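The data block below is upload24.txt; it holds compact mmCIF, C-alpha atoms.
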# COMPACT_ATOMS: atom_id res chain seq x y z
CA GLN A 1 -5.78 15.51 10.93
CA VAL A 2 -5.19 12.42 8.83
CA GLN A 3 -2.84 9.83 10.24
CA LEU A 4 -1.62 6.64 8.61
CA VAL A 5 0.35 4.16 10.68
CA GLU A 6 1.98 1.15 9.05
CA SER A 7 3.01 -2.05 10.78
CA GLY A 8 3.94 -5.62 9.93
CA GLY A 9 7.25 -5.21 8.19
CA GLY A 10 10.18 -7.47 8.94
CA SER A 11 12.78 -9.82 7.54
CA VAL A 12 11.87 -13.03 5.74
CA GLN A 13 13.50 -15.48 3.39
CA ALA A 14 12.62 -15.65 -0.26
CA GLY A 15 9.34 -17.46 -0.77
CA GLY A 16 7.99 -16.31 2.56
CA SER A 17 5.02 -14.11 3.41
CA LEU A 18 4.29 -10.94 5.32
CA ARG A 19 1.16 -8.94 5.96
CA LEU A 20 1.40 -5.19 6.26
CA SER A 21 -1.26 -3.15 8.01
CA CYS A 22 -2.15 0.51 7.68
CA ALA A 23 -4.35 2.02 10.36
CA ALA A 24 -6.06 5.19 9.19
CA SER A 25 -7.58 7.95 11.29
CA GLY A 26 -8.81 11.48 10.81
CA PHE A 27 -10.90 10.93 7.69
CA THR A 28 -14.38 12.40 7.85
CA SER A 29 -15.68 10.27 4.99
CA SER A 30 -14.58 7.31 2.90
CA SER A 31 -17.02 7.88 0.05
CA ASN A 32 -14.33 8.86 -2.46
CA ARG A 33 -11.02 7.77 -1.01
CA CYS A 34 -8.36 5.46 -2.33
CA MET A 35 -5.65 3.83 -0.29
CA GLY A 36 -2.40 2.64 -1.75
CA TRP A 37 0.82 0.91 -0.93
CA PHE A 38 4.07 2.21 -2.35
CA ARG A 39 7.64 1.10 -1.84
CA GLN A 40 11.08 2.57 -2.19
CA ALA A 41 14.34 0.69 -2.28
CA PRO A 42 17.68 2.42 -1.64
CA GLY A 43 18.78 4.35 -4.69
CA LYS A 44 15.50 3.80 -6.50
CA GLU A 45 12.40 5.85 -7.10
CA ARG A 46 9.24 5.26 -5.14
CA GLU A 47 6.93 2.89 -6.99
CA GLY A 48 3.31 1.99 -6.57
CA VAL A 49 2.51 -1.53 -5.46
CA ALA A 50 -1.26 -1.78 -4.95
CA GLY A 51 -4.31 0.41 -4.54
CA ILE A 52 -7.90 0.07 -3.44
CA PHE A 53 -11.00 2.24 -3.80
CA ILE A 54 -12.51 2.18 -0.34
CA ALA A 55 -16.16 2.68 -1.29
CA LEU A 56 -16.39 -0.19 -3.81
CA GLY A 57 -13.29 -2.29 -3.18
CA ASN A 58 -11.81 -1.93 -6.68
CA GLN A 59 -8.18 -3.00 -6.63
CA TRP A 60 -5.21 -2.45 -8.87
CA TYR A 61 -1.64 -3.73 -8.79
CA ALA A 62 1.78 -3.18 -10.24
CA ASP A 63 2.69 -5.87 -12.76
CA SER A 64 5.65 -6.90 -10.61
CA VAL A 65 3.40 -8.03 -7.75
CA LYS A 66 0.28 -9.33 -9.50
CA GLY A 67 -0.62 -12.79 -8.31
CA ARG A 68 1.62 -12.47 -5.25
CA PHE A 69 0.30 -9.45 -3.34
CA THR A 70 -3.27 -8.74 -2.27
CA ILE A 71 -4.63 -5.47 -0.93
CA SER A 72 -7.71 -5.58 1.29
CA GLN A 73 -9.59 -3.47 3.80
CA ASP A 74 -11.43 -3.78 7.07
CA ASN A 75 -13.73 -0.79 7.19
CA ALA A 76 -14.76 -1.42 10.78
CA LYS A 77 -11.12 -1.19 11.83
CA LYS A 78 -10.32 1.53 9.29
CA THR A 79 -7.36 -0.57 8.27
CA VAL A 80 -5.93 -1.52 4.92
CA TYR A 81 -3.76 -4.59 4.52
CA LEU A 82 -1.17 -5.78 2.04
CA GLN A 83 -0.74 -9.54 2.03
CA MET A 84 2.58 -10.35 0.41
CA ASN A 85 3.26 -13.94 -0.63
CA SER A 86 6.09 -15.57 -2.55
CA LEU A 87 8.38 -12.73 -1.58
CA LYS A 88 11.50 -12.12 -3.61
CA PRO A 89 14.73 -10.30 -2.72
CA GLU A 90 13.71 -7.57 -5.16
CA ASP A 91 10.69 -6.85 -2.96
CA THR A 92 13.06 -5.48 -0.33
CA ALA A 93 12.14 -1.86 0.31
CA MET A 94 10.54 0.57 2.69
CA TYR A 95 6.79 0.21 2.24
CA TYR A 96 4.52 3.21 2.63
CA CYS A 97 0.78 3.47 3.05
CA ALA A 98 -0.86 6.43 1.34
CA ALA A 99 -4.30 7.95 0.92
CA ALA A 100 -5.78 9.83 -2.00
CA ASN A 101 -8.72 11.88 -0.81
CA PRO A 102 -10.49 12.50 -3.10
CA CYS A 103 -9.57 9.62 -5.35
CA ARG A 104 -9.12 10.85 -8.93
CA THR A 105 -7.57 7.83 -10.60
CA PHE A 106 -7.26 4.11 -10.21
CA ARG A 107 -3.58 4.28 -10.98
CA LEU A 108 -0.54 4.10 -8.75
CA LEU A 109 0.60 7.68 -9.16
CA ALA A 110 2.34 8.94 -6.06
CA TYR A 111 1.47 12.59 -6.75
CA GLU A 112 -2.24 11.73 -6.56
CA TYR A 113 -1.86 10.63 -2.93
CA ASN A 114 -1.95 13.43 -0.36
CA SER A 115 -1.39 11.64 2.94
CA TRP A 116 1.47 9.30 3.75
CA GLY A 117 2.57 7.09 6.59
CA GLN A 118 6.10 6.82 7.95
CA GLY A 119 6.84 3.49 6.32
CA THR A 120 7.70 -0.03 7.42
CA GLN A 121 10.78 -1.92 6.27
CA VAL A 122 10.52 -5.21 4.40
CA THR A 123 13.70 -7.20 3.84
CA VAL A 124 13.73 -10.41 1.82
CA SER A 125 16.86 -12.52 1.86
CA SER A 126 17.80 -15.12 -0.73
Just give me the structure of the file as structure tokens.
Amino acid sequence: QVQLVESGGGSVQAGGSLRLSCAASGFTSSSNRCMGWFRQAPGKEREGVAGIFIALGNQWYADSVKGRFTISQDNAKKTVYLQMNSLKPEDTAMYYCAAANPCRTFRLLAYEYNSWGQGTQVTVSS
């Protein structure tokens, strides 16, 4: 059974940084799996933030976070991270870790991801 557990959310002021972690378990293989970070603010649709292809490390980002957020992985720890710098109030949302197994696209399409974590809240104040 696949489990994704997020951590690292919190409250910061604009311009600050946070690092989110997603600990994954239950996968039998990582040869064709993507991991992604999505977020959802109150009253808004869930949007993709960043994704990574586990086998080769390919990364992709939403335009709104390019240059500020970085997705990375530690295969030994089976953990994916989202380093968020230069945070803005509009980054405030619940952040979710997700897995697409198998990975069919290098795009941030929520329906392609078949396992989800419970989310961690990020609040950025001005």
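Here CA of Glu6 (chain A) and CA of Gly67 (chain A) stand 22.4 Å from one another.
Put simply, CA of Tyr95 (chain A) is 11.8 Å away from CA of Leu18 (chain A).
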> Which neighbours of region 118-120 of chain A fall inside 6 Å, counting all atoms listed in the file, when residues of the same chain fewer than 6 positions from it are skipped, and could you give them as a PyMOL selection string?
Replying inline: chain A and resi 9+94-96
>> List the spatial neighbours of Gly48 (chain A) as a list in words - criterion: any atom at most 8 Å away, only C-alpha atoms, same-chain residues fewer than 6 positions off excluded.
In response: Gly36, Trp37, Phe38, Arg39, Tyr61, Ala62, Leu108, Leu109 and Ala110 of chain A
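All residues of protein, DNA or RNA that reach within 9 Å of Leu82 (chain A), judged by all atoms listed in the file and not counting those fewer than 4 positions away in the chain, are Leu18, Arg19, Leu20, Ser21, Cys22, Trp37, Ala50, Phe69, Thr70, Ile71, Ser72 and Gln73 of chain A.
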